[in-house]
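S.K.: If it helps, the file is called run_18.pdb and holds PDB, C-alpha atoms:
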```pdb
MODEL        1
ATOM      1  CA  MET A   1     282.462  96.670 115.392
ATOM      2  CA  LYS A   2     280.498  93.964 117.209
ATOM      3  CA  PHE A   3     282.515  91.115 118.654
ATOM      4  CA  THR A   4     282.005  88.069 120.862
ATOM      5  CA  GLY A   5     284.986  87.139 123.020
ATOM      6  CA  ARG A   6     288.028  87.274 120.753
ATOM      7  CA  TYR A   7     286.170  87.299 117.421
ATOM      8  CA  THR A   8     284.164  89.848 115.474
ATOM      9  CA  ALA A   9     280.999  89.966 113.409
ATOM     10  CA  ALA A  10     283.256  89.444 110.371
ATOM     11  CA  THR A  11     284.474  86.028 111.579
ATOM     12  CA  ALA A  12     281.452  84.175 110.204
ATOM     13  CA  LYS A  13     281.880  85.923 106.844
ATOM     14  CA  ALA A  14     285.572  84.995 106.699
ATOM     15  CA  LEU A  15     284.848  81.306 107.374
ATOM     16  CA  LYS A  16     281.491  80.885 105.601
ATOM     17  CA  GLY A  17     282.784  81.117 102.035
ATOM     18  CA  SER A  18     285.532  78.540 102.563
ATOM     19  CA  PRO A  19     285.641  75.484 100.259
ATOM     20  CA  ARG A  20     286.488  73.310 103.263
ATOM     21  CA  LEU A  21     285.935  73.861 106.976
ATOM     22  CA  VAL A  22     287.379  71.537 109.626
ATOM     23  CA  CYS A  23     286.261  71.395 113.267
ATOM     24  CA  GLN A  24     287.834  69.479 116.146
ATOM     25  CA  VAL A  25     287.124  69.503 119.902
ATOM     26  CA  THR A  26     289.584  68.550 122.645
ATOM     27  CA  GLU A  27     288.795  66.861 125.949
ATOM     28  CA  ASP A  28     289.029  70.191 127.798
ATOM     29  CA  GLY A  29     286.277  71.632 125.583
ATOM     30  CA  THR A  30     288.454  73.845 123.375
ATOM     31  CA  ILE A  31     286.982  74.086 119.871
ATOM     32  CA  TYR A  32     289.334  74.330 116.874
ATOM     33  CA  VAL A  33     287.981  75.629 113.545
ATOM     34  CA  CYS A  34     290.127  75.963 110.407
ATOM     35  CA  ASN A  35     289.523  76.838 106.746
ATOM     36  CA  GLY A  36     293.135  76.460 105.617
ATOM     37  CA  PHE A  37     293.974  80.153 106.009
ATOM     38  CA  LEU A  38     292.625  80.936 109.468
ATOM     39  CA  LEU A  39     292.811  78.598 112.477
ATOM     40  CA  CYS A  40     290.701  79.687 115.447
ATOM     41  CA  THR A  41     290.488  78.359 118.984
ATOM     42  CA  MET A  42     287.036  79.030 120.436
ATOM     43  CA  ASN A  43     284.943  78.552 123.532
ATOM     44  CA  PRO A  44     281.260  77.547 123.189
ATOM     45  CA  PRO A  45     279.862  81.143 123.141
ATOM     46  CA  GLU A  46     282.365  82.189 120.450
ATOM     47  CA  TYR A  47     281.516  79.123 118.360
ATOM     48  CA  ALA A  48     277.782  79.689 118.716
ATOM     49  CA  ALA A  49     278.104  83.338 117.676
ATOM     50  CA  THR A  50     280.395  82.827 114.671
ATOM     51  CA  VAL A  51     280.235  79.273 113.275
ATOM     52  CA  GLN A  52     277.098  77.429 114.342
ATOM     53  CA  GLY A  53     274.780  79.893 112.629
ATOM     54  CA  PHE A  54     275.906  79.089 109.088
ATOM     55  CA  THR A  55     276.972  75.448 109.556
ATOM     56  CA  CYS A  56     273.969  74.284 111.624
ATOM     57  CA  CYS A  57     276.473  71.907 113.255
ATOM     58  CA  GLU A  58     277.251  71.360 116.912
ATOM     59  CA  PRO A  59     280.962  71.498 117.873
ATOM     60  CA  GLY A  60     282.596  68.157 117.089
ATOM     61  CA  ASN A  61     285.094  66.326 114.916
ATOM     62  CA  TRP A  62     283.860  66.908 111.372
ATOM     63  CA  THR A  63     284.687  68.361 107.973
ATOM     64  CA  LEU A  64     282.248  70.480 105.953
ATOM     65  CA  ASP A  65     282.716  70.897 102.193
ATOM     66  CA  LYS A  66     280.675  71.081  98.975
ATOM     67  CA  ASP A  67     279.507  67.508  99.517
ATOM     68  CA  GLY A  68     278.186  68.198 103.009
ATOM     69  CA  LYS A  69     279.304  67.164 106.460
ATOM     70  CA  HIS A  70     281.736  64.264 107.008
ATOM     71  CA  GLU A  71     282.638  62.862 110.398
ATOM     72  CA  ASP A  72     284.980  60.092 109.302
ATOM     73  CA  ASP A  73     287.866  62.146 107.863
ATOM     74  CA  ALA A  74     288.161  65.072 110.290
ATOM     75  CA  HIS A  75     291.147  63.379 111.955
ATOM     76  CA  LYS A  76     293.241  63.618 108.781
ATOM     77  CA  LEU A  77     294.178  67.204 109.696
ATOM     78  CA  ASP A  78     295.339  67.446 113.308
ATOM     79  CA  LEU A  79     294.408  71.036 114.201
ATOM     80  CA  VAL A  80     295.530  70.695 117.811
ATOM     81  CA  ARG A  81     299.034  69.665 116.824
ATOM     82  CA  LEU A  82     299.195  72.244 114.023
ATOM     83  CA  TYR A  83     298.253  75.008 116.455
ATOM     84  CA  ALA A  84     300.741  73.833 119.095
ATOM     85  CA  ASP A  85     303.584  73.560 116.541
ATOM     86  CA  THR A  86     302.877  77.081 115.248
ATOM     87  CA  LEU A  87     302.930  78.505 118.780
ATOM     88  CA  LYS A  88     306.230  76.758 119.465
ATOM     89  CA  ALA A  89     307.792  78.008 116.216
ATOM     90  CA  ASN A  90     306.823  81.599 117.037
ATOM     91  CA  ALA A  91     307.550  81.520 120.760
ATOM     92  CA  ASP A  92     310.362  84.092 120.460
ATOM     93  CA  ALA A  93     308.840  86.169 117.664
ATOM     94  CA  GLN A  94     308.520  89.919 118.120
ATOM     95  CA  PRO A  95     305.121  91.633 117.676
ATOM     96  CA  LEU A  96     304.412  92.980 114.208
ATOM     97  CA  GLN A  97     303.708  96.653 113.656
ATOM     98  CA  ARG A  98     300.639  97.338 111.557
ATOM     99  CA  SER A  99     301.012  99.773 108.682
ATOM    100  CA  PRO A 100     298.195 101.991 107.411
ATOM    101  CA  LEU A 101     299.172 100.801 103.946
ATOM    102  CA  THR A 102     296.828  98.372 102.173
ATOM    103  CA  VAL A 103     297.549  96.634  98.886
ATOM    104  CA  GLN A 104     295.530  94.727  96.323
ATOM    105  CA  THR A 105     296.953  91.297  95.528
ATOM    106  CA  PRO A 106     295.723  88.996  92.741
ATOM    107  CA  LYS A 107     293.727  87.077  95.355
ATOM    108  CA  ALA A 108     292.533  89.701  97.841
ATOM    109  CA  ALA A 109     293.019  93.068  99.497
ATOM    110  CA  ALA A 110     295.784  92.818 102.074
ATOM    111  CA  VAL A 111     296.919  94.509 105.294
ATOM    112  CA  CYS A 112     300.639  95.263 105.696
ATOM    113  CA  TYR A 113     302.768  94.567 108.793
ATOM    114  CA  TYR A 114     306.439  95.058 109.646
ATOM    115  CA  ASN A 115     308.843  93.302 112.028
ATOM    116  CA  ALA A 116     311.523  95.818 112.972
ATOM    117  CA  ALA A 117     313.689  93.302 114.862
ATOM    118  CA  ALA A 118     313.999  90.949 111.871
ATOM    119  CA  ASP A 119     313.477  93.655 109.187
ATOM    120  CA  PHE A 120     310.761  91.956 107.141
ATOM    121  CA  ALA A 121     307.328  92.918 105.872
ATOM    122  CA  ALA A 122     304.358  90.536 105.880
ATOM    123  CA  ILE A 123     300.868  90.944 104.457
ATOM    124  CA  TYR A 124     297.573  89.237 105.350
ATOM    125  CA  ASP A 125     294.123  89.023 103.799
ATOM    126  CA  THR A 126     292.005  91.869 105.196
ATOM    127  CA  LYS A 127     288.979  89.618 105.793
ATOM    128  CA  PHE A 128     290.988  87.291 108.045
ATOM    129  CA  ILE A 129     292.470  90.201 109.999
ATOM    130  CA  ALA A 130     288.968  91.707 110.346
ATOM    131  CA  ALA A 131     287.792  88.353 111.756
ATOM    132  CA  LEU A 132     290.074  88.794 114.778
ATOM    133  CA  HIS A 133     289.409  90.951 117.830
ATOM    134  CA  PRO A 134     290.439  94.609 117.277
ATOM    135  CA  ALA A 135     293.024  94.297 120.047
ATOM    136  CA  ALA A 136     294.711  91.279 118.423
ATOM    137  CA  GLN A 137     298.482  91.437 117.972
ATOM    138  CA  LEU A 138     300.343  89.305 115.398
ATOM    139  CA  ARG A 139     303.680  87.601 115.982
ATOM    140  CA  THR A 140     305.708  85.601 113.466
ATOM    141  CA  THR A 141     309.325  84.830 112.612
ATOM    142  CA  SER A 142     309.144  85.473 108.849
ATOM    143  CA  ALA A 143     307.044  86.914 106.057
ATOM    144  CA  ILE A 144     306.116  83.452 104.766
ATOM    145  CA  SER A 145     305.337  81.790 108.101
ATOM    146  CA  ALA A 146     301.978  81.535 109.823
ATOM    147  CA  ALA A 147     301.409  84.290 112.368
ATOM    148  CA  VAL A 148     299.981  83.763 115.853
ATOM    149  CA  ALA A 149     297.320  86.225 117.028
ATOM    150  CA  TYR A 150     297.440  87.284 120.682
ATOM    151  CA  CYS A 151     294.920  89.103 122.863
ATOM    152  CA  ASP A 152     296.064  90.291 126.308
ATOM    153  CA  ASP A 153     299.274  88.293 125.703
ATOM    154  CA  GLU A 154     297.274  85.069 125.256
ATOM    155  CA  PRO A 155     297.442  83.237 121.872
ATOM    156  CA  PHE A 156     294.077  82.384 120.330
ATOM    157  CA  ALA A 157     294.372  82.073 116.533
ATOM    158  CA  VAL A 158     296.722  81.469 113.609
ATOM    159  CA  VAL A 159     296.558  83.296 110.274
ATOM    160  CA  MET A 160     298.428  82.499 107.062
ATOM    161  CA  PRO A 161     300.196  85.262 105.099
ATOM    162  CA  ILE A 162     299.874  86.259 101.440
ATOM    163  CA  LYS A 163     302.960  86.359  99.252
ATOM    164  CA  ALA A 164     304.230  89.935  99.198
ATOM    165  CA  GLU A 165     305.567  91.439  95.976
ATOM    166  CA  PRO A 166     309.021  93.120  96.199
ATOM    167  CA  GLU A 167     307.599  96.617  95.677
ATOM    168  CA  THR A 168     305.153  96.089  98.519
ATOM    169  CA  VAL A 169     307.950  94.963 100.829
ATOM    170  CA  ARG A 170     310.022  98.015  99.917
ATOM    171  CA  ALA A 171     307.097 100.370 100.554
ATOM    172  CA  VAL A 172     306.315  98.891 103.982
ATOM    173  CA  ARG A 173     309.985  98.832 105.014
ATOM    174  CA  ALA A 174     310.453 102.433 103.859
ATOM    175  CA  PHE A 175     307.486 103.516 105.946
ATOM    176  CA  PHE A 176     308.974 102.132 109.166
ATOM    177  CA  THR A 177     312.727 102.459 108.703
ATOM    178  CA  GLU A 178     314.827 105.576 109.064
ATOM    179  CA  ALA A 179     314.869 107.869 106.057
ATOM    180  CA  ASP A 180     318.086 108.421 104.143
ATOM    181  CA  GLY A 181     320.383 110.979 105.792
ATOM    182  CA  ASN A 182     320.417 113.112 102.655
ATOM    183  CA  ASN A 183     316.630 113.304 102.497
ATOM    184  CA  ALA A 184     315.458 116.811 103.387
ATOM    185  CA  LYS A 185     312.203 115.371 104.749
ATOM    186  CA  THR A 186     313.862 113.204 107.395
ATOM    187  CA  GLY A 187     312.550 115.357 110.242
ATOM    188  CA  GLU A 188     309.014 115.300 108.870
ATOM    189  CA  ALA A 189     309.153 111.528 108.393
ATOM    190  CA  ASP A 190     310.394 111.062 111.959
ATOM    191  CA  LYS A 191     307.560 113.211 113.259
ATOM    192  CA  LEU A 192     304.974 111.241 111.298
ATOM    193  CA  ARG A 193     306.384 107.941 112.540
ATOM    194  CA  ALA A 194     306.308 109.194 116.145
ATOM    195  CA  GLU A 195     302.701 110.307 115.735
ATOM    196  CA  LEU A 196     301.785 106.952 114.200
ATOM    197  CA  ALA A 197     303.480 105.049 117.033
ATOM    198  CA  GLN A 198     301.614 107.118 119.627
ATOM    199  CA  SER A 199     298.297 106.618 117.804
ATOM    200  CA  GLN A 200     298.874 102.873 117.565
ATOM    201  CA  GLU A 201     299.718 102.702 121.283
ATOM    202  CA  GLU A 202     296.593 104.667 122.210
ATOM    203  CA  ALA A 203     294.478 102.530 119.861
ATOM    204  CA  ALA A 204     295.896  99.331 121.363
ATOM    205  CA  THR A 205     295.089 100.578 124.866
ATOM    206  CA  LEU A 206     291.559 101.481 123.817
ATOM    207  CA  ARG A 207     291.055  98.105 122.120
ATOM    208  CA  GLY A 208     292.282  96.376 125.268
ATOM    209  CA  ASP A 209     289.821  98.372 127.376
ATOM    210  CA  LEU A 210     287.009  97.449 124.977
ATOM    211  CA  TYR A 211     288.004  93.796 125.113
ATOM    212  CA  ARG A 212     287.942  93.748 128.913
ATOM    213  CA  ALA A 213     284.657  95.665 128.999
ATOM    214  CA  ALA A 214     283.127  93.197 126.535
ATOM    215  CA  ASN A 215     284.168  90.280 128.756
ATOM    216  CA  GLU A 216     282.613  91.992 131.785
ATOM    217  CA  ILE A 217     279.392  92.532 129.825
ATOM    218  CA  ASP A 218     279.377  88.850 128.791
ATOM    219  CA  GLU A 219     279.811  87.829 132.431
ATOM    220  CA  LEU A 220     276.893  90.048 133.466
ATOM    221  CA  LYS A 221     274.737  88.599 130.669
ATOM    222  CA  ASN A 222     275.552  85.074 131.816
ATOM    223  CA  LYS A 223     274.659  85.922 135.414
ATOM    224  CA  LEU A 224     271.374  87.488 134.318
ATOM    225  CA  ALA A 225     270.616  84.418 132.198
ATOM    226  CA  GLU A 226     271.309  82.143 135.179
ATOM    227  CA  LEU A 227     269.046  84.236 137.409
ATOM    228  CA  HIS A 228     266.328  84.142 134.757
ATOM    229  CA  GLU A 229     266.609  80.354 134.401
ATOM    230  CA  THR A 230     266.468  79.912 138.162
ATOM    231  CA  LYS A 231     263.368  82.082 138.389
ATOM    232  CA  MET A 232     261.642  80.289 135.522
ATOM    233  CA  GLU A 233     262.427  76.767 136.714
ATOM    234  CA  GLN A 234     259.330  74.707 137.512
ATOM    235  CA  PRO A 235     258.731  71.094 138.634
ATOM    236  CA  ALA A 236     258.602  68.611 135.783
ATOM    237  CA  ALA A 237     254.839  68.177 136.251
ATOM    238  CA  GLU A 238     254.343  71.904 135.743
ATOM    239  CA  ALA A 239     256.697  72.304 132.787
ATOM    240  CA  VAL A 240     255.411  74.727 130.167
ATOM    241  CA  GLU A 241     254.389  72.990 126.982
ATOM    242  CA  PRO A 242     255.806  74.243 123.653
ATOM    243  CA  LYS A 243     253.496  76.730 121.980
ATOM    244  CA  THR A 244     254.665  76.917 118.375
ATOM    245  CA  ALA A 245     254.659  74.154 115.755
ATOM    246  CA  ALA A 246     258.457  74.317 115.496
ATOM    247  CA  GLU A 247     258.836  73.995 119.265
ATOM    248  CA  ILE A 248     256.440  71.045 119.335
ATOM    249  CA  ILE A 249     258.435  69.254 116.612
ATOM    250  CA  ALA A 250     261.766  70.057 118.288
ATOM    251  CA  ALA A 251     260.483  68.865 121.679
ATOM    252  CA  ARG A 252     259.142  65.629 120.188
ATOM    253  CA  TRP A 253     262.512  64.627 118.677
ATOM    254  CA  ALA A 254     264.634  66.004 121.514
ATOM    255  CA  GLU A 255     263.052  63.303 123.706
ATOM    256  CA  VAL A 256     264.511  60.553 121.489
ATOM    257  CA  ASP A 257     267.774  59.166 122.870
ATOM    258  CA  GLY A 258     270.771  60.131 120.785
ATOM    259  CA  LEU A 259     269.025  63.017 118.980
ATOM    260  CA  THR A 260     269.139  66.773 119.424
ATOM    261  CA  ALA A 261     266.872  69.292 117.719
ATOM    262  CA  THR A 262     267.759  72.872 116.753
ATOM    263  CA  ILE A 263     265.309  75.501 115.475
ATOM    264  CA  LYS A 264     266.637  77.819 112.757
ATOM    265  CA  GLY A 265     264.649  80.958 111.972
ATOM    266  CA  ALA A 266     262.398  80.595 115.009
ATOM    267  CA  THR A 267     261.148  84.168 114.647
ATOM    268  CA  THR A 268     260.466  83.904 110.919
ATOM    269  CA  ALA A 269     257.307  82.784 109.122
ATOM    270  CA  ALA A 270     258.933  79.488 108.049
ATOM    271  CA  PRO A 271     261.245  78.108 110.757
ATOM    272  CA  VAL A 272     263.245  74.924 110.170
ATOM    273  CA  VAL A 273     263.908  72.220 112.764
ATOM    274  CA  TRP A 274     267.265  70.411 112.240
ATOM    275  CA  LEU A 275     268.016  67.025 113.793
ATOM    276  CA  ALA A 276     271.542  66.075 114.850
ATOM    277  CA  GLY A 277     272.976  62.933 116.363
ATOM    278  CA  ASP A 278     272.427  59.270 115.449
ATOM    279  CA  THR A 279     269.392  59.560 113.147
ATOM    280  CA  LYS A 280     269.976  56.312 111.245
ATOM    281  CA  PRO A 281     267.901  54.061 113.594
ATOM    282  CA  HIS A 282     265.023  56.524 113.318
ATOM    283  CA  GLU A 283     265.087  57.247 109.567
ATOM    284  CA  LYS A 284     261.729  55.651 108.733
ATOM    285  CA  GLU A 285     260.025  57.256 111.692
ATOM    286  CA  ILE A 286     261.487  60.697 110.839
ATOM    287  CA  GLU A 287     260.481  60.448 107.182
ATOM    288  CA  ALA A 288     256.994  59.214 108.097
ATOM    289  CA  ALA A 289     256.610  62.306 110.267
ATOM    290  CA  GLY A 290     257.509  64.558 107.325
ATOM    291  CA  GLY A 291     261.267  64.878 107.845
ATOM    292  CA  LYS A 292     263.430  65.602 104.804
ATOM    293  CA  TRP A 293     267.075  64.685 104.194
ATOM    294  CA  SER A 294     269.631  67.426 103.389
ATOM    295  CA  GLY A 295     272.599  66.034 101.522
ATOM    296  CA  LYS A 296     274.450  69.317 101.888
ATOM    297  CA  LYS A 297     274.091  69.421 105.682
ATOM    298  CA  ASN A 298     274.087  65.626 106.036
ATOM    299  CA  ALA A 299     271.102  65.895 108.373
ATOM    300  CA  TYR A 300     267.294  65.587 108.555
ATOM    301  CA  TYR A 301     265.093  68.656 108.852
ATOM    302  CA  PHE A 302     261.426  69.647 109.210
ATOM    303  CA  ARG A 303     260.246  72.805 107.503
ATOM    304  CA  VAL A 304     257.322  74.450 109.320
ATOM    305  CA  ALA A 305     255.047  76.412 106.977
TER     306      ALA A 305
ENDMDL
END
```
Represent the structure from my file as structure tokens, please.
M.R.:
Amino acid sequence: MKFTGRYTAATAKALKGSPRLVCQVTEDGTIYVCNGFLLCTMNPPEYAATVQGFTCCEPGNWTLDKDGKHEDDAHKLDLVRLYADTLKANADAQPLQRSPLTVQTPKAAAVCYYNAAADFAAIYDTKFIAALHPAAQLRTTSAISAAVAYCDDEPFAVVMPIKAEPETVRAVRAFFTEADGNNAKTGEADKLRAELAQSQEEAATLRGDLYRAANEIDELKNKLAELHETKMEQPAAEAVEPKTAAEIIAARWAEVDGLTATIKGATTAAPVVWLAGDTKPHEKEIEAAGGKWSGKKNAYYFRVA
């Protein structure tokens, strides 16, 4: 499975279909993204790889719903405080053990977990679990409370549970707890549980190794990118002019104070240049140049044929 930092290729899919997506950025540059079921903390590379592609929005304080992007009501849900309160509530929670059992709820397929210390079972939507790094570990104090996801003992996301039916709880508990003393298969069950525990430990170690290797690869990529940029730097008078129509359009509007231009589909036959920032003072000029307004994205764009 491909992943960037602490998130996977499935993160975008888990967030993209949400009726409402909220983004907030703190002064230290931490990006918070929440769809009501999954709350992620991200750094810029993680955001660019998982969220920016389908929102066409830079990190900021905004809400995205069926009516488009809104920047005036993002503060109504304080993601920073919500995340901090959840961490505090689960500070003493024991790690959950993942069960190989999966169940189908009325809303979605779910993954089952068990907390041996508190003797409760909790289940979570498979798409939100798949959105987290393979080495992620969940911790929560109850089956109905939000769980905090950790990677290398560092918290990075919060995921909401699904209501578990009584039969599901019994099945998960039976899988992890000691079998009845009169059960002739007690020895076999103990053996299976020991094998599962060993497999989970080995898998967790492997996932941790992959996570660290991925970070090392990202660091190498960043260093190579820096070396490439240094090598390609030229004096302003010798700057290379844009070659494609999309690059020419993007360069023209990127020079306007308060505006940024992003090219979507640059390698396709019909790329689109999106403008972000304070476009209101330049509306007439943008429209005269062929710019179109997207109510859904709440932004102007130029489509290059």
S.K.: Return as a list in words the set of residues that the PyMOL selection byres ((chain A and resi 145) around 12) yields on the displayed structure.
M.R.: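 When the PyMOL selection byres ((chain A and resi 145) around 12) is applied to the shown file, the picked residues are Phe37, Asp85, Thr86, Leu87, Ala89, Asn90, Ala93, Phe120, Ala121, Ala122, Ile123, Tyr124, Leu138, Arg139, Thr140, Thr141, Ser142, Ala143, Ile144, Ala146, Ala147, Val148, Val158, Val159, Met160, Pro161, Ile162 and Lys163 of chain A.
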S.K.: Would you kindly return, as an NGL selection string, each protein, DNA or RNA residue with an atom no farther than 6 Å from any atom of region 262-277 of chain A, considering all atoms listed in the file and excluding same-chain residues fewer than 2 positions away?
M.R.: :A and (258-260 or 279 or 300-305)
S.K.: Save the residues we just selected, C-alpha atoms, as a short mmCIF file (atom, residue, chain, number, x, y, z; two decimals), in the frame of the given file?
M.R.:
```cif
data_model
loop_
_atom_site.label_atom_id
_atom_site.label_comp_id
_atom_site.auth_asym_id
_atom_site.auth_seq_id
_atom_site.Cartn_x
_atom_site.Cartn_y
_atom_site.Cartn_z
CA GLY A 258 270.77 60.13 120.78
CA LEU A 259 269.02 63.02 118.98
CA THR A 260 269.14 66.77 119.42
CA THR A 279 269.39 59.56 113.15
CA TYR A 300 267.29 65.59 108.56
CA TYR A 301 265.09 68.66 108.85
CA PHE A 302 261.43 69.65 109.21
CA ARG A 303 260.25 72.81 107.50
CA VAL A 304 257.32 74.45 109.32
CA ALA A 305 255.05 76.41 106.98
#
```
S.K.: Selected by the PyMOL selection byres ((chain A and resi 252) around 12) in the shown coordinates: which residues, as a PDB file with C-alpha atoms, in the coordinates of the input?
M.R.:
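Saved as out_28.pdb:
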```pdb
ATOM      1  CA  GLU A 241     254.389  72.990 126.982  1.00  0.00           C
ATOM      2  CA  PRO A 242     255.806  74.243 123.653  1.00  0.00           C
ATOM      3  CA  ALA A 245     254.659  74.154 115.755  1.00  0.00           C
ATOM      4  CA  ALA A 246     258.457  74.317 115.496  1.00  0.00           C
ATOM      5  CA  GLU A 247     258.836  73.995 119.265  1.00  0.00           C
ATOM      6  CA  ILE A 248     256.440  71.045 119.335  1.00  0.00           C
ATOM      7  CA  ILE A 249     258.435  69.254 116.612  1.00  0.00           C
ATOM      8  CA  ALA A 250     261.766  70.057 118.288  1.00  0.00           C
ATOM      9  CA  ALA A 251     260.483  68.865 121.679  1.00  0.00           C
ATOM     10  CA  TRP A 253     262.512  64.627 118.677  1.00  0.00           C
ATOM     11  CA  ALA A 254     264.634  66.004 121.514  1.00  0.00           C
ATOM     12  CA  GLU A 255     263.052  63.303 123.706  1.00  0.00           C
ATOM     13  CA  VAL A 256     264.511  60.553 121.489  1.00  0.00           C
ATOM     14  CA  ASP A 257     267.774  59.166 122.870  1.00  0.00           C
ATOM     15  CA  LEU A 259     269.025  63.017 118.980  1.00  0.00           C
ATOM     16  CA  THR A 260     269.139  66.773 119.424  1.00  0.00           C
ATOM     17  CA  ALA A 261     266.872  69.292 117.719  1.00  0.00           C
ATOM     18  CA  THR A 262     267.759  72.872 116.753  1.00  0.00           C
ATOM     19  CA  VAL A 273     263.908  72.220 112.764  1.00  0.00           C
ATOM     20  CA  LEU A 275     268.016  67.025 113.793  1.00  0.00           C
ATOM     21  CA  GLU A 285     260.025  57.256 111.692  1.00  0.00           C
ATOM     22  CA  ILE A 286     261.487  60.697 110.839  1.00  0.00           C
ATOM     23  CA  ALA A 289     256.610  62.306 110.267  1.00  0.00           C
ATOM     24  CA  PHE A 302     261.426  69.647 109.210  1.00  0.00           C
TER      25      PHE A 302
END
```
S.K.: Determine the residue set returned by the PyMOL selection byres ((chain A and resi 62) around 12) for the present structure, and present it as a ChimeraX atom specification.
M.R.: /A:20-25,31-34,55,57-61,63-65,68-79,297-298
S.K.: So which residues touch Arg170 (chain A) within 12 Å, counting all atoms listed in the file, skipping near sequence neighbours fewer than 5 positions away, as a list in words?
M.R.: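 Selected residues are Leu101, Cys112, Tyr113, Tyr114, Asp119, Phe120, Ala121, Ala122, Ala164, Glu165, Phe175, Phe176 and Thr177 of chain A.
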S.K.: Let's have the selection written as a short mmCIF file (atom, residue, chain, number, x, y, z; two decimals), in the frame of the given file, with C-alpha atoms.
M.R.:
```
data_model
loop_
_atom_site.label_atom_id
_atom_site.label_comp_id
_atom_site.auth_asym_id
_atom_site.auth_seq_id
_atom_site.Cartn_x
_atom_site.Cartn_y
_atom_site.Cartn_z
CA LEU A 101 299.17 100.80 103.95
CA CYS A 112 300.64 95.26 105.70
CA TYR A 113 302.77 94.57 108.79
CA TYR A 114 306.44 95.06 109.65
CA ASP A 119 313.48 93.66 109.19
CA PHE A 120 310.76 91.96 107.14
CA ALA A 121 307.33 92.92 105.87
CA ALA A 122 304.36 90.54 105.88
CA ALA A 164 304.23 89.94 99.20
CA GLU A 165 305.57 91.44 95.98
CA PHE A 175 307.49 103.52 105.95
CA PHE A 176 308.97 102.13 109.17
CA THR A 177 312.73 102.46 108.70
#
```
